Amino acid sequence: MNERMPYYMAYPVPFSYDDERTERMDIEYLRSMYPDLPKRILPYVEEECDRMEYENSMVYDQYPDKLQLKLMCGRICDNVCRHERLDISASDRSSGRKSDMGADIEAQSIRDLVEVMLFQEIYRRRCDHRRRCRRLF
């Protein structure tokens, strides 16, 4: 007669798993379209973020310390220079002072690229962390 509906069917909760999966697929797809240099730098950025991803890390502070972020960026740049062959005006070294200035500009632009990629990765991980913490309560 009066059939009762199970609780989980009476109050359907939208599953956030599909949203997370869609976001992850979007990020992976967009990362696959990165130019060559950012594709080569990305694993070093992720490695540094993995190293800093622990509970109560400064990465999850409300306002992360700018100095610590700069130090993270410096470590990433050091790892990239140590392991990758980046053509930073290698052919212009014999021409004198202008090549040093050009190399400095290129090194600074690579550092800026690493910094932007680091901030983007930290932002993504902070969002994931907030989402995980929200689910626990």
# chains A, B, ... in the order shown; residues from 1 in each chain; ligands from 1

call {"tool": "residues_around", "arguments": {"residues": "stretch 28-43 of chain A", "least_positions_apart": "6", "cutoff": "10 Å", "atoms": "only C-alpha atoms", "output": "PDB file with N, CA, C and O atoms, in the first residue's frame"}}
result
ATOM      1  N   THR A  22      35.831  15.541 -13.692  1.00  0.00           N
ATOM      2  CA  THR A  22      35.776  16.444 -14.841  1.00  0.00           C
ATOM      3  C   THR A  22      36.840  17.520 -14.739  1.00  0.00           C
ATOM      4  O   THR A  22      37.521  17.831 -15.718  1.00  0.00           O
ATOM      5  N   CYS A  49      56.062  20.693  -4.963  1.00  0.00           N
ATOM      6  CA  CYS A  49      54.775  20.793  -4.271  1.00  0.00           C
ATOM      7  C   CYS A  49      54.466  19.514  -3.503  1.00  0.00           C
ATOM      8  O   CYS A  49      53.903  19.579  -2.404  1.00  0.00           O
ATOM      9  N   ILE A  76      63.256  24.992  -7.365  1.00  0.00           N
ATOM     10  CA  ILE A  76      62.766  24.429  -8.629  1.00  0.00           C
ATOM     11  C   ILE A  76      63.685  24.843  -9.772  1.00  0.00           C
ATOM     12  O   ILE A  76      64.070  24.020 -10.610  1.00  0.00           O
ATOM     13  N   CYS A  77      64.054  26.118  -9.811  1.00  0.00           N
ATOM     14  CA  CYS A  77      64.950  26.599 -10.877  1.00  0.00           C
ATOM     15  C   CYS A  77      66.295  25.895 -10.826  1.00  0.00           C
ATOM     16  O   CYS A  77      66.852  25.541 -11.871  1.00  0.00           O
ATOM     17  N   ASN A  79      66.863  22.856  -9.677  1.00  0.00           N
ATOM     18  CA  ASN A  79      66.658  21.487 -10.169  1.00  0.00           C
ATOM     19  C   ASN A  79      66.509  21.454 -11.682  1.00  0.00           C
ATOM     20  O   ASN A  79      67.046  20.566 -12.340  1.00  0.00           O
ATOM     21  N   VAL A  80      65.797  22.420 -12.221  1.00  0.00           N
ATOM     22  CA  VAL A  80      65.615  22.470 -13.672  1.00  0.00           C
ATOM     23  C   VAL A  80      66.961  22.683 -14.355  1.00  0.00           C
ATOM     24  O   VAL A  80      67.292  21.996 -15.331  1.00  0.00           O
ATOM     25  N   CYS A  81      67.753  23.633 -13.862  1.00  0.00           N
ATOM     26  CA  CYS A  81      69.060  23.900 -14.479  1.00  0.00           C
ATOM     27  C   CYS A  81      70.003  22.711 -14.331  1.00  0.00           C
ATOM     28  O   CYS A  81      70.819  22.455 -15.210  1.00  0.00           O
ATOM     29  N   GLU A  84      67.994  19.642 -16.681  1.00  0.00           N
ATOM     30  CA  GLU A  84      67.540  19.901 -18.051  1.00  0.00           C
ATOM     31  C   GLU A  84      68.583  20.710 -18.805  1.00  0.00           C
ATOM     32  O   GLU A  84      69.304  21.505 -18.221  1.00  0.00           O
ATOM     33  N   LEU A  86      68.745  23.604 -20.886  1.00  0.00           N
ATOM     34  CA  LEU A  86      68.006  24.763 -21.371  1.00  0.00           C
ATOM     35  C   LEU A  86      68.958  25.618 -22.186  1.00  0.00           C
ATOM     36  O   LEU A  86      70.053  25.943 -21.747  1.00  0.00           O
ATOM     37  N   ILE A 110      62.487  32.585 -17.467  1.00  0.00           N
ATOM     38  CA  ILE A 110      62.271  31.192 -17.051  1.00  0.00           C
ATOM     39  C   ILE A 110      61.887  31.149 -15.584  1.00  0.00           C
ATOM     40  O   ILE A 110      60.980  30.417 -15.185  1.00  0.00           O
ATOM     41  N   LEU A 113      58.342  32.159 -15.312  1.00  0.00           N
ATOM     42  CA  LEU A 113      57.482  31.058 -15.747  1.00  0.00           C
ATOM     43  C   LEU A 113      57.349  30.014 -14.639  1.00  0.00           C
ATOM     44  O   LEU A 113      56.244  29.546 -14.342  1.00  0.00           O
ATOM     45  N   VAL A 114      58.455  29.671 -14.006  1.00  0.00           N
ATOM     46  CA  VAL A 114      58.434  28.702 -12.911  1.00  0.00           C
ATOM     47  C   VAL A 114      57.578  29.234 -11.765  1.00  0.00           C
ATOM     48  O   VAL A 114      56.786  28.498 -11.171  1.00  0.00           O
ATOM     49  N   MET A 117      53.879  28.958 -12.680  1.00  0.00           N
ATOM     50  CA  MET A 117      53.460  27.557 -12.640  1.00  0.00           C
ATOM     51  C   MET A 117      53.361  27.055 -11.205  1.00  0.00           C
ATOM     52  O   MET A 117      52.443  26.303 -10.860  1.00  0.00           O
ATOM     53  N   LEU A 118      54.293  27.489 -10.349  1.00  0.00           N
ATOM     54  CA  LEU A 118      54.270  27.103  -8.939  1.00  0.00           C
ATOM     55  C   LEU A 118      53.027  27.652  -8.256  1.00  0.00           C
ATOM     56  O   LEU A 118      52.328  26.923  -7.539  1.00  0.00           O
ATOM     57  N   GLU A 121      49.974  25.704  -9.344  1.00  0.00           N
ATOM     58  CA  GLU A 121      49.922  24.368  -8.738  1.00  0.00           C
ATOM     59  C   GLU A 121      49.537  24.459  -7.263  1.00  0.00           C
ATOM     60  O   GLU A 121      48.746  23.648  -6.770  1.00  0.00           O
TER      61      GLU A 121
END

call {"tool": "residues_around", "arguments": {"residues": "A:Arg51", "least_positions_apart": "4", "cutoff": "12 Å", "atoms": "only C-alpha atoms", "output": "compact mmCIF listing (two decimals) with N, CA and C atoms, in the first residue's frame"}}
result
# COMPACT_ATOMS: atom_id res chain seq x y z
N TYR A 44 59.12 19.21 -12.21
CA TYR A 44 59.91 19.76 -11.12
C TYR A 44 59.03 20.59 -10.18
N VAL A 45 58.06 21.29 -10.75
CA VAL A 45 57.11 22.06 -9.93
C VAL A 45 56.27 21.11 -9.09
N GLU A 46 55.77 20.04 -9.71
CA GLU A 46 54.96 19.07 -8.98
C GLU A 46 55.76 18.36 -7.90
N GLU A 47 57.02 18.07 -8.19
CA GLU A 47 57.88 17.41 -7.20
C GLU A 47 58.06 18.29 -5.97
N GLU A 55 50.44 18.02 6.37
CA GLU A 55 49.49 18.73 7.22
C GLU A 55 50.19 19.90 7.92
N SER A 57 51.34 22.54 6.54
CA SER A 57 52.40 23.10 5.71
C SER A 57 52.12 24.58 5.49
N MET A 58 53.16 25.34 5.24
CA MET A 58 52.98 26.77 5.00
C MET A 58 52.21 27.02 3.71
N VAL A 59 52.15 26.03 2.84
CA VAL A 59 51.40 26.16 1.59
C VAL A 59 49.91 26.32 1.88
N MET A 72 61.07 28.29 -2.64
CA MET A 72 60.59 27.12 -3.39
C MET A 72 60.87 27.29 -4.87
N ARG A 75 64.52 26.70 -5.58
CA ARG A 75 64.87 25.28 -5.59
C ARG A 75 64.43 24.61 -6.89
N ILE A 76 63.26 24.99 -7.36
CA ILE A 76 62.77 24.43 -8.63
C ILE A 76 63.69 24.84 -9.77
N ILE A 122 50.07 25.45 -6.57
CA ILE A 122 49.72 25.63 -5.15
C ILE A 122 48.24 25.96 -5.03

call {"tool": "atom_distance", "arguments": {"atom1": "atom CA of A:Asp112", "atom2": "atom CA of A:Asp26"}}
result
24.1 Å

call {"tool": "select_by_dssp", "arguments": {"residues": "stretch 24-118 of chain A", "states": "alpha helix (DSSP H)", "output": "PyMOL selection string"}}
result
chain A and resi 24-32+36-51+66-83+97-118

call {"tool": "residues_around", "arguments": {"residues": "A:Cys133", "least_positions_apart": "6", "cutoff": "12 Å", "atoms": "only C-alpha atoms", "output": "list in words"}}
result
Glu55, Tyr60, Arg126 and Cys127 of chain A

call {"tool": "write_last_selection", "arguments": {"atoms": "N, CA and C atoms", "output": "short mmCIF file (atom, residue, chain, number, x, y, z; two decimals), in the first residue's frame"}}
result
data_model
loop_
_atom_site.label_atom_id
_atom_site.label_comp_id
_atom_site.auth_asym_id
_atom_site.auth_seq_id
_atom_site.Cartn_x
_atom_site.Cartn_y
_atom_site.Cartn_z
N GLU A 55 50.44 18.02 6.37
CA GLU A 55 49.49 18.73 7.22
C GLU A 55 50.19 19.90 7.92
N TYR A 60 49.43 25.74 2.99
CA TYR A 60 48.01 25.81 3.32
C TYR A 60 47.68 26.95 4.28
N ARG A 126 45.61 23.79 -2.94
CA ARG A 126 44.86 24.41 -1.83
C ARG A 126 43.36 24.18 -2.01
N CYS A 127 42.87 24.29 -3.24
CA CYS A 127 41.45 24.04 -3.51
C CYS A 127 41.10 22.58 -3.21
#

call {"tool": "atom_distance", "arguments": {"atom1": "atom CA of A:Glu115", "atom2": "atom CA of A:Cys73"}}
result
5.8 Å

call {"tool": "atom_distance", "arguments": {"atom1": "atom CA of A:Met52", "atom2": "atom CA of A:Arg124"}}
result
13.7 Å
